[in-house]
>>> print(open('protein.pdb').read())   # PDB, C-alpha atoms, pLDDT in the B column
ATOM      1  CA  VAL Q   1     100.042  93.318  49.003  1.00 46.00           C
ATOM      2  CA  ILE Q   2      96.689  91.506  49.390  1.00 53.00           C
ATOM      3  CA  PHE Q   3      93.511  91.879  47.296  1.00 53.00           C
ATOM      4  CA  ASN Q   4      90.263  89.981  48.049  1.00 59.00           C
ATOM      5  CA  GLY Q   5      87.286  89.098  45.859  1.00 63.00           C
ATOM      6  CA  LYS Q   6      86.910  86.836  42.841  1.00 64.00           C
ATOM      7  CA  LYS Q   7      86.002  89.570  40.275  1.00 67.00           C
ATOM      8  CA  ILE Q   8      88.882  91.774  41.308  1.00 68.00           C
ATOM      9  CA  MET Q   9      91.168  88.744  41.288  1.00 65.00           C
ATOM     10  CA  LYS Q  10      90.207  87.798  37.719  1.00 64.00           C
ATOM     11  CA  LYS Q  11      90.864  91.348  36.508  1.00 64.00           C
ATOM     12  CA  ILE Q  12      94.198  91.502  38.274  1.00 62.00           C
ATOM     13  CA  LEU Q  13      95.270  88.108  36.929  1.00 58.00           C
ATOM     14  CA  PHE Q  14      94.301  89.186  33.409  1.00 55.00           C
ATOM     15  CA  PHE Q  15      96.284  92.409  33.775  1.00 54.00           C
ATOM     16  CA  LEU Q  16      99.313  90.565  35.112  1.00 54.00           C
ATOM     17  CA  SER Q  17      99.183  87.982  32.330  1.00 49.00           C
ATOM     18  CA  ILE Q  18      99.377  90.636  29.614  1.00 44.00           C
ATOM     19  CA  SER Q  19     101.759  92.915  31.446  1.00 41.00           C
ATOM     20  CA  SER Q  20     105.242  93.171  29.987  1.00 33.00           C
ATOM     21  CA  LEU Q  21     106.694  93.375  33.503  1.00 37.00           C
ATOM     22  CA  ILE Q  22     107.947  90.222  35.112  1.00 41.00           C
ATOM     23  CA  ILE Q  23     106.049  90.068  38.382  1.00 44.00           C
ATOM     24  CA  ASN Q  24     105.946  86.905  40.384  1.00 45.00           C
ATOM     25  CA  PHE Q  25     102.803  86.124  42.363  1.00 46.00           C
ATOM     26  CA  LYS Q  26     100.838  83.284  43.861  1.00 48.00           C
ATOM     27  CA  VAL Q  27      97.211  82.840  44.791  1.00 49.00           C
ATOM     28  CA  ASP Q  28      96.721  81.666  48.349  1.00 50.00           C
ATOM     29  CA  GLY Q  29      93.802  79.755  49.865  1.00 51.00           C
ATOM     30  CA  GLN Q  30      91.814  82.929  50.544  1.00 51.00           C
ATOM     31  CA  ASN Q  31      91.811  84.200  46.939  1.00 51.00           C
ATOM     32  CA  ALA Q  32      94.599  86.652  47.668  1.00 48.00           C
ATOM     33  CA  ILE Q  33      97.487  87.570  45.400  1.00 50.00           C
ATOM     34  CA  VAL Q  34     100.867  87.704  47.091  1.00 49.00           C
ATOM     35  CA  VAL Q  35     103.707  89.339  45.129  1.00 55.00           C
ATOM     36  CA  ASN Q  36     107.179  87.802  45.438  1.00 74.00           C
ATOM     37  CA  LYS Q  37     109.301  90.886  46.075  1.00 83.00           C
ATOM     38  CA  CYS Q  38     112.601  89.048  45.514  1.00 86.00           C
ATOM     39  CA  LEU Q  39     111.948  88.819  41.789  1.00 86.00           C
ATOM     40  CA  GLU Q  40     111.776  92.582  41.416  1.00 86.00           C
ATOM     41  CA  CYS Q  41     115.589  92.521  41.471  1.00 88.00           C
ATOM     42  CA  HIS Q  42     116.252  88.881  40.630  1.00 89.00           C
ATOM     43  CA  LYS Q  43     113.956  88.502  37.604  1.00 90.00           C
ATOM     44  CA  LYS Q  44     116.731  86.872  35.528  1.00 92.00           C
ATOM     45  CA  LEU Q  45     116.226  83.778  37.694  1.00 91.00           C
ATOM     46  CA  VAL Q  46     112.878  83.115  35.969  1.00 90.00           C
ATOM     47  CA  GLU Q  47     113.677  84.017  32.365  1.00 92.00           C
ATOM     48  CA  LYS Q  48     114.023  80.429  31.149  1.00 95.00           C
ATOM     49  CA  LYS Q  49     111.073  78.261  30.147  1.00 94.00           C
ATOM     50  CA  VAL Q  50     111.170  75.713  33.025  1.00 95.00           C
ATOM     51  CA  ILE Q  51     111.022  77.370  36.442  1.00 93.00           C
ATOM     52  CA  HIS Q  52     111.624  75.593  39.746  1.00 93.00           C
ATOM     53  CA  LYS Q  53     108.375  75.838  41.705  1.00 88.00           C
ATOM     54  CA  PRO Q  54     109.843  77.290  44.930  1.00 87.00           C
ATOM     55  CA  VAL Q  55     111.175  80.216  42.876  1.00 88.00           C
ATOM     56  CA  ILE Q  56     107.613  80.962  41.794  1.00 81.00           C
ATOM     57  CA  ASP Q  57     106.120  80.539  45.261  1.00 77.00           C
ATOM     58  CA  GLU Q  58     108.453  81.772  47.949  1.00 81.00           C
ATOM     59  CA  CYS Q  59     112.203  82.194  48.035  1.00 89.00           C
ATOM     60  CA  ASP Q  60     112.229  81.482  51.772  1.00 89.00           C
ATOM     61  CA  LYS Q  61     111.502  77.813  51.096  1.00 90.00           C
ATOM     62  CA  CYS Q  62     115.225  77.548  50.251  1.00 93.00           C
ATOM     63  CA  HIS Q  63     116.818  80.818  51.450  1.00 93.00           C
ATOM     64  CA  GLN Q  64     116.940  82.641  54.781  1.00 93.00           C
ATOM     65  CA  SER Q  65     118.454  85.914  55.879  1.00 90.00           C
ATOM     66  CA  ASN Q  66     121.899  85.608  57.419  1.00 90.00           C
ATOM     67  CA  GLY Q  67     121.567  88.962  59.173  1.00 90.00           C
ATOM     68  CA  LYS Q  68     123.712  90.896  56.698  1.00 91.00           C
ATOM     69  CA  GLU Q  69     122.310  93.946  54.942  1.00 88.00           C
ATOM     70  CA  HIS Q  70     120.449  93.168  51.719  1.00 87.00           C
ATOM     71  CA  PRO Q  71     120.536  94.456  49.065  1.00 85.00           C
ATOM     72  CA  LYS Q  72     124.084  95.678  49.254  1.00 85.00           C
ATOM     73  CA  GLU Q  73     126.745  95.228  46.581  1.00 85.00           C
ATOM     74  CA  ASP Q  74     129.230  92.412  47.246  1.00 86.00           C
ATOM     75  CA  VAL Q  75     127.265  91.208  50.310  1.00 85.00           C
ATOM     76  CA  GLU Q  76     125.518  87.842  50.410  1.00 87.00           C
ATOM     77  CA  GLY Q  77     122.450  88.639  52.526  1.00 88.00           C
ATOM     78  CA  PHE Q  78     120.925  85.179  52.363  1.00 91.00           C
ATOM     79  CA  ALA Q  79     121.991  81.580  52.962  1.00 93.00           C
ATOM     80  CA  LEU Q  80     120.421  78.219  52.156  1.00 94.00           C
ATOM     81  CA  ILE Q  81     118.141  76.907  54.908  1.00 95.00           C
ATOM     82  CA  LYS Q  82     119.823  73.467  54.654  1.00 95.00           C
ATOM     83  CA  GLU Q  83     122.856  71.967  52.948  1.00 94.00           C
ATOM     84  CA  VAL Q  84     122.392  70.267  49.576  1.00 94.00           C
ATOM     85  CA  PRO Q  85     121.154  67.511  49.081  1.00 94.00           C
ATOM     86  CA  GLN Q  86     119.056  67.733  52.291  1.00 94.00           C
ATOM     87  CA  LEU Q  87     117.593  70.975  50.961  1.00 95.00           C
ATOM     88  CA  CYS Q  88     116.447  69.197  47.792  1.00 94.00           C
ATOM     89  CA  TYR Q  89     115.108  66.241  49.795  1.00 92.00           C
ATOM     90  CA  SER Q  90     112.894  68.639  51.773  1.00 92.00           C
ATOM     91  CA  CYS Q  91     110.562  68.485  48.748  1.00 91.00           C
ATOM     92  CA  HIS Q  92     111.902  65.736  46.465  1.00 91.00           C
ATOM     93  CA  ASP Q  93     112.217  62.017  47.214  1.00 89.00           C
ATOM     94  CA  GLU Q  94     115.724  60.793  47.888  1.00 87.00           C
ATOM     95  CA  LYS Q  95     117.098  59.255  44.708  1.00 79.00           C
ATOM     96  CA  ASN Q  96     119.585  56.747  46.115  1.00 69.00           C
ATOM     97  CA  ILE Q  97     117.504  54.675  48.506  1.00 69.00           C
ATOM     98  CA  LEU Q  98     117.497  50.856  48.223  1.00 62.00           C
ATOM     99  CA  LYS Q  99     119.275  50.760  44.889  1.00 77.00           C
ATOM    100  CA  GLU Q 100     122.476  48.886  44.189  1.00 86.00           C
ATOM    101  CA  GLN Q 101     123.837  51.239  41.528  1.00 92.00           C
ATOM    102  CA  VAL Q 102     123.845  54.977  42.244  1.00 92.00           C
ATOM    103  CA  HIS Q 103     124.955  57.657  39.757  1.00 93.00           C
ATOM    104  CA  SER Q 104     128.023  59.353  41.243  1.00 92.00           C
ATOM    105  CA  PRO Q 105     126.545  62.902  41.451  1.00 93.00           C
ATOM    106  CA  VAL Q 106     123.602  61.466  43.409  1.00 93.00           C
ATOM    107  CA  LYS Q 107     125.929  59.461  45.651  1.00 91.00           C
ATOM    108  CA  GLU Q 108     127.935  62.633  46.336  1.00 92.00           C
ATOM    109  CA  GLY Q 109     124.787  64.714  46.958  1.00 92.00           C
ATOM    110  CA  ASP Q 110     125.622  67.037  44.056  1.00 94.00           C
ATOM    111  CA  CYS Q 111     122.156  67.675  42.581  1.00 94.00           C
ATOM    112  CA  PHE Q 112     123.397  70.842  40.888  1.00 95.00           C
ATOM    113  CA  SER Q 113     125.890  69.025  38.674  1.00 95.00           C
ATOM    114  CA  CYS Q 114     122.915  67.998  36.500  1.00 96.00           C
ATOM    115  CA  HIS Q 115     120.063  70.287  37.570  1.00 96.00           C
ATOM    116  CA  ALA Q 116     119.742  74.057  37.371  1.00 96.00           C
ATOM    117  CA  VAL Q 117     118.714  75.712  40.623  1.00 93.00           C
ATOM    118  CA  HIS Q 118     116.175  78.340  39.581  1.00 95.00           C
ATOM    119  CA  SER Q 119     115.213  77.878  35.916  1.00 96.00           C
ATOM    120  CA  SER Q 120     116.328  76.076  32.782  1.00 96.00           C
ATOM    121  CA  ASN Q 121     115.500  75.716  29.109  1.00 95.00           C
ATOM    122  CA  ALA Q 122     115.680  71.916  29.462  1.00 93.00           C
ATOM    123  CA  GLU Q 123     112.978  69.706  30.972  1.00 91.00           C
ATOM    124  CA  HIS Q 124     113.334  68.528  34.595  1.00 93.00           C
ATOM    125  CA  LEU Q 125     115.451  71.630  35.227  1.00 95.00           C
ATOM    126  CA  LEU Q 126     118.430  69.923  33.632  1.00 96.00           C
ATOM    127  CA  SER Q 127     121.362  72.285  33.256  1.00 95.00           C
ATOM    128  CA  ALA Q 128     121.738  71.247  29.586  1.00 94.00           C
ATOM    129  CA  ALA Q 129     119.896  69.152  27.016  1.00 90.00           C
ATOM    130  CA  LEU Q 130     120.575  65.427  26.671  1.00 87.00           C
ATOM    131  CA  PRO Q 131     122.801  63.761  25.587  1.00 86.00           C
ATOM    132  CA  GLY Q 132     125.102  66.786  25.906  1.00 87.00           C
ATOM    133  CA  LEU Q 133     124.667  66.941  29.666  1.00 92.00           C
ATOM    134  CA  CYS Q 134     125.715  63.286  30.051  1.00 90.00           C
ATOM    135  CA  ASN Q 135     128.607  63.710  27.613  1.00 86.00           C
ATOM    136  CA  SER Q 136     129.951  66.669  29.599  1.00 90.00           C
ATOM    137  CA  CYS Q 137     131.056  64.235  32.339  1.00 91.00           C
ATOM    138  CA  HIS Q 138     131.227  60.929  30.491  1.00 88.00           C
ATOM    139  CA  THR Q 139     133.851  62.073  27.984  1.00 85.00           C
ATOM    140  CA  ASP Q 140     135.755  58.789  28.154  1.00 81.00           C
ATOM    141  CA  LEU Q 141     132.590  56.847  27.352  1.00 75.00           C
ATOM    142  CA  GLN Q 142     131.863  59.083  24.375  1.00 70.00           C
ATOM    143  CA  LYS Q 143     135.370  58.437  22.968  1.00 75.00           C
ATOM    144  CA  THR Q 144     134.909  54.682  23.477  1.00 75.00           C
ATOM    145  CA  ILE Q 145     131.588  54.777  21.613  1.00 73.00           C
ATOM    146  CA  GLU Q 146     133.074  56.786  18.744  1.00 73.00           C
ATOM    147  CA  THR Q 147     136.037  54.403  18.297  1.00 79.00           C
ATOM    148  CA  ALA Q 148     134.242  51.104  18.986  1.00 77.00           C
ATOM    149  CA  SER Q 149     134.412  48.403  16.321  1.00 78.00           C
ATOM    150  CA  VAL Q 150     130.649  47.859  16.701  1.00 78.00           C
ATOM    151  CA  GLU Q 151     128.464  50.906  16.350  1.00 74.00           C
ATOM    152  CA  HIS Q 152     126.128  51.636  19.264  1.00 76.00           C
ATOM    153  CA  ARG Q 153     122.923  52.266  17.323  1.00 74.00           C
ATOM    154  CA  ALA Q 154     121.144  54.228  20.067  1.00 75.00           C
ATOM    155  CA  VAL Q 155     123.991  56.743  20.218  1.00 74.00           C
ATOM    156  CA  LYS Q 156     124.232  57.043  16.427  1.00 70.00           C
ATOM    157  CA  ASP Q 157     120.493  57.660  16.207  1.00 70.00           C
ATOM    158  CA  GLY Q 158     120.818  60.494  18.732  1.00 66.00           C
ATOM    159  CA  LYS Q 159     118.577  58.836  21.307  1.00 71.00           C
ATOM    160  CA  SER Q 160     118.595  60.056  24.844  1.00 79.00           C
ATOM    161  CA  CYS Q 161     120.781  58.259  27.357  1.00 87.00           C
ATOM    162  CA  LEU Q 162     117.593  57.914  29.414  1.00 89.00           C
ATOM    163  CA  ASN Q 163     116.176  55.435  26.902  1.00 88.00           C
ATOM    164  CA  CYS Q 164     118.470  52.840  28.491  1.00 90.00           C
ATOM    165  CA  HIS Q 165     119.785  54.381  31.729  1.00 92.00           C
ATOM    166  CA  LEU Q 166     118.097  55.805  34.806  1.00 92.00           C
ATOM    167  CA  PRO Q 167     119.486  59.188  35.839  1.00 92.00           C
ATOM    168  CA  HIS Q 168     119.715  58.625  39.595  1.00 93.00           C
ATOM    169  CA  SER Q 169     119.930  54.969  40.632  1.00 92.00           C
ATOM    170  CA  SER Q 170     118.990  51.453  39.594  1.00 93.00           C
ATOM    171  CA  ALA Q 171     119.098  47.860  40.754  1.00 91.00           C
ATOM    172  CA  GLU Q 172     120.890  47.083  37.459  1.00 93.00           C
ATOM    173  CA  LYS Q 173     124.576  47.611  36.663  1.00 92.00           C
ATOM    174  CA  LYS Q 174     125.407  50.760  34.664  1.00 91.00           C
ATOM    175  CA  ILE Q 175     122.151  52.190  36.105  1.00 93.00           C
ATOM    176  CA  LEU Q 176     120.237  50.477  33.291  1.00 93.00           C
ATOM    177  CA  ILE Q 177     116.433  50.574  33.187  1.00 93.00           C
ATOM    178  CA  GLN Q 178     116.353  46.778  32.911  1.00 94.00           C
ATOM    179  CA  PRO Q 179     118.947  43.975  32.836  1.00 94.00           C
ATOM    180  CA  GLU Q 180     121.172  43.199  29.889  1.00 90.00           C
ATOM    181  CA  PRO Q 181     120.456  41.910  27.259  1.00 90.00           C
ATOM    182  CA  ASP Q 182     116.746  42.783  27.725  1.00 93.00           C
ATOM    183  CA  VAL Q 183     117.467  46.507  27.546  1.00 90.00           C
ATOM    184  CA  CYS Q 184     119.258  45.994  24.217  1.00 85.00           C
ATOM    185  CA  PHE Q 185     116.198  44.339  22.695  1.00 87.00           C
ATOM    186  CA  THR Q 186     114.038  47.405  23.330  1.00 83.00           C
ATOM    187  CA  CYS Q 187     115.651  48.906  20.214  1.00 79.00           C
TER     188      CYS Q 187
END
>>> encode(input="protein.pdb", output="structure tokens")
Amino acid sequence: VIFNGKKIMKKILFFLSISSLIINFKVDGQNAIVVNKCLECHKKLVEKKVIHKPVIDECDKCHQSNGKEHPKEDVEGFALIKEVPQLCYSCHDEKNILKEQVHSPVKEGDCFSCHAVHSSNAEHLLSAALPGLCNSCHTDLQKTIETASVEHRAVKDGKSCLNCHLPHSSAEKKILIQPEPDVCFTC
């Protein structure tokens, strides 16, 4: 559906912004509104507060028809246009280039172990809030911290793991933001 004209566009945008319906649209270079039809059925994908931009724009940036009938119950009518992580790297910079230490999910190309695909309530589309997300995999580290003879102040204070560690890769061991002991003196 395409509408032209700035006055009409402003009225339509106002109407859509106050509408209780979840309608996904974008404004293209010719002042036209294009409705994303996928979200008529898949509106749950955008119910969280942080939405992945391709979900807002066009689903075909990541998905393509596989020739099967859609919509049809118990039939996957679409496939990813590329395998992950190459799909992610179509838009995002690769996170493991020229770094000595690479976080294992990044090394394995498993972006979705930390990031939600369509929307999330956590910033950066993280699948959970920090430090809970980190603790979900690093359970042995959490036990070590809890039983250590010296208390790790940053953990006790509830600081984010990202205060000291980079999430993807680093030139420093333990994917630290800077070398030890310098990183320790930031607290």
>>> residues_near_point(input="protein.pdb", point="(125.6, 53.4, 39.5)", cutoff="7 Å", atoms="only C-alpha atoms", output="ChimeraX atom specification")
/Q:101-104,169-170,173-175
>>> atom_distance(input="protein.pdb", atom1="CA of Thr139 (chain Q)", atom2="CA of Leu166 (chain Q)")
18.3 Å
>>> closest_residue(input="protein.pdb", among="Q:Thr144, Q:Gln64, Q:Ser136, Q:Ser120", to="Glu76 (chain Q)", atoms="only C-alpha atoms")
Q:Gln64
>>> resolve_selection(input="protein.pdb", expression="the PyMOL selection byres ((chain Q and resi 134) around 12)", output="list of chain:residue names")
Q:His103, Q:Pro105, Q:Ser113, Q:Cys114, Q:His115, Q:Leu126, Q:Ser127, Q:Ala128, Q:Ala129, Q:Leu130, Q:Pro131, Q:Gly132, Q:Leu133, Q:Asn135, Q:Ser136, Q:Cys137, Q:His138, Q:Thr139, Q:Asp140, Q:Leu141, Q:Gln142, Q:Val155, Q:Ser160, Q:Cys161, Q:Leu162, Q:His165, Q:Leu166, Q:Pro167
>>> residues_near_point(input="protein.pdb", point="(115.5, 49.4, 31.4)", cutoff="8 Å", atoms="all atoms listed in the file", output="list in words")
Asn163, Cys164, His165, Leu166, Leu176, Ile177, Gln178, Pro179, Asp182 and Val183 of chain Q
>>> write_last_selection(input="protein.pdb", atoms="C-alpha atoms", output="mmCIF file, in the coordinates of the input")
data_model
loop_
_atom_site.group_PDB
_atom_site.id
_atom_site.type_symbol
_atom_site.label_atom_id
_atom_site.label_comp_id
_atom_site.auth_asym_id
_atom_site.auth_seq_id
_atom_site.Cartn_x
_atom_site.Cartn_y
_atom_site.Cartn_z
ATOM 1 C CA ASN Q 163 116.176 55.435 26.902
ATOM 2 C CA CYS Q 164 118.470 52.840 28.491
ATOM 3 C CA HIS Q 165 119.785 54.381 31.729
ATOM 4 C CA LEU Q 166 118.097 55.805 34.806
ATOM 5 C CA LEU Q 176 120.237 50.477 33.291
ATOM 6 C CA ILE Q 177 116.433 50.574 33.187
ATOM 7 C CA GLN Q 178 116.353 46.778 32.911
ATOM 8 C CA PRO Q 179 118.947 43.975 32.836
ATOM 9 C CA ASP Q 182 116.746 42.783 27.725
ATOM 10 C CA VAL Q 183 117.467 46.507 27.546
#
>>> resolve_selection(input="protein.pdb", expression="the PyMOL selection byres ((chain Q and resi 41-56) around 9)", output="list in words")
Ile22, Ile23, Asn24, Phe25, Lys26, Asn36, Lys37, Cys38, Leu39, Glu40, Asp57, Glu58, Cys59, Asp60, Lys61, Cys62, Ala116, Val117, His118, Ser119, Ser120, Asn121, Ala122, Glu123, His124 and Leu125 of chain Q
>>> closest_residue(input="protein.pdb", among="Q:His152, Q:Lys107, Q:His63, Q:His92", to="Ala79 (chain Q)", atoms="all atoms listed in the file")
Q:His63
>>> build_atoms(input="protein.pdb", residues="region 103-128 of chain Q", atoms="N, CA, C and O atoms", output="short mmCIF file (atom, residue, chain, number, x, y, z; two decimals), in the coordinates of the input")
data_model
loop_
_atom_site.label_atom_id
_atom_site.label_comp_id
_atom_site.auth_asym_id
_atom_site.auth_seq_id
_atom_site.Cartn_x
_atom_site.Cartn_y
_atom_site.Cartn_z
N HIS Q 103 124.20 56.73 40.59
CA HIS Q 103 124.96 57.66 39.76
C HIS Q 103 125.84 58.51 40.68
O HIS Q 103 125.37 59.00 41.70
N SER Q 104 127.08 58.70 40.33
CA SER Q 104 128.02 59.35 41.24
C SER Q 104 127.58 60.74 41.72
O SER Q 104 127.76 61.05 42.90
N PRO Q 105 126.99 61.62 40.89
CA PRO Q 105 126.54 62.90 41.45
C PRO Q 105 125.48 62.73 42.54
O PRO Q 105 125.46 63.48 43.51
N VAL Q 106 124.62 61.73 42.39
CA VAL Q 106 123.60 61.47 43.41
C VAL Q 106 124.27 60.95 44.67
O VAL Q 106 123.95 61.38 45.78
N LYS Q 107 125.20 60.04 44.51
CA LYS Q 107 125.93 59.46 45.65
C LYS Q 107 126.65 60.56 46.44
O LYS Q 107 126.70 60.54 47.66
N GLU Q 108 127.19 61.54 45.70
CA GLU Q 108 127.94 62.63 46.34
C GLU Q 108 127.03 63.77 46.82
O GLU Q 108 127.50 64.73 47.41
N GLY Q 109 125.72 63.66 46.54
CA GLY Q 109 124.79 64.71 46.96
C GLY Q 109 124.93 65.98 46.16
O GLY Q 109 124.64 67.07 46.63
N ASP Q 110 125.38 65.87 44.91
CA ASP Q 110 125.62 67.04 44.06
C ASP Q 110 124.51 67.18 43.02
O ASP Q 110 124.73 66.98 41.83
N CYS Q 111 123.32 67.53 43.47
CA CYS Q 111 122.16 67.68 42.58
C CYS Q 111 122.42 68.71 41.48
O CYS Q 111 121.94 68.57 40.36
N PHE Q 112 123.20 69.74 41.82
CA PHE Q 112 123.40 70.84 40.89
C PHE Q 112 124.40 70.54 39.79
O PHE Q 112 124.63 71.37 38.91
N SER Q 113 125.02 69.37 39.80
CA SER Q 113 125.89 69.03 38.67
C SER Q 113 125.06 68.69 37.44
O SER Q 113 125.55 68.80 36.32
N CYS Q 114 123.80 68.31 37.63
CA CYS Q 114 122.92 68.00 36.50
C CYS Q 114 121.71 68.93 36.41
O CYS Q 114 121.16 69.12 35.33
N HIS Q 115 121.28 69.47 37.54
CA HIS Q 115 120.06 70.29 37.57
C HIS Q 115 120.38 71.76 37.82
O HIS Q 115 121.24 72.08 38.65
N ALA Q 116 119.66 72.63 37.13
CA ALA Q 116 119.74 74.06 37.37
C ALA Q 116 118.96 74.38 38.64
O ALA Q 116 117.99 73.69 38.97
N VAL Q 117 119.33 75.39 39.34
CA VAL Q 117 118.71 75.71 40.62
C VAL Q 117 117.38 76.45 40.46
O VAL Q 117 116.39 76.07 41.07
N HIS Q 118 117.35 77.48 39.66
CA HIS Q 118 116.18 78.34 39.58
C HIS Q 118 115.33 78.13 38.33
O HIS Q 118 114.12 78.01 38.41
N SER Q 119 115.96 78.11 37.16
CA SER Q 119 115.21 77.88 35.92
C SER Q 119 116.16 77.32 34.85
O SER Q 119 117.37 77.43 34.97
N SER Q 120 115.55 76.72 33.83
CA SER Q 120 116.33 76.08 32.78
C SER Q 120 115.52 76.06 31.49
O SER Q 120 114.30 76.14 31.52
N ASN Q 121 116.20 75.91 30.38
CA ASN Q 121 115.50 75.72 29.11
C ASN Q 121 115.29 74.24 28.81
O ASN Q 121 114.66 73.89 27.83
N ALA Q 122 115.82 73.36 29.65
CA ALA Q 122 115.68 71.92 29.46
C ALA Q 122 114.67 71.36 30.47
O ALA Q 122 114.54 71.88 31.58
N GLU Q 123 113.96 70.30 30.07
CA GLU Q 123 112.98 69.71 30.97
C GLU Q 123 113.65 69.17 32.23
O GLU Q 123 114.85 68.91 32.25
N HIS Q 124 112.87 69.01 33.29
CA HIS Q 124 113.33 68.53 34.60
C HIS Q 124 114.42 69.43 35.19
O HIS Q 124 115.23 68.98 35.99
N LEU Q 125 114.45 70.67 34.77
CA LEU Q 125 115.45 71.63 35.23
C LEU Q 125 116.88 71.15 35.00
O LEU Q 125 117.79 71.48 35.76
N LEU Q 126 117.07 70.37 33.95
CA LEU Q 126 118.43 69.92 33.63
C LEU Q 126 119.25 71.14 33.22
O LEU Q 126 118.75 72.06 32.58
N SER Q 127 120.52 71.13 33.57
CA SER Q 127 121.36 72.28 33.26
C SER Q 127 121.75 72.35 31.78
O SER Q 127 122.23 73.38 31.32
N ALA Q 128 121.51 71.28 31.04
CA ALA Q 128 121.74 71.25 29.59
C ALA Q 128 120.87 70.13 29.00
O ALA Q 128 120.40 69.26 29.72
#
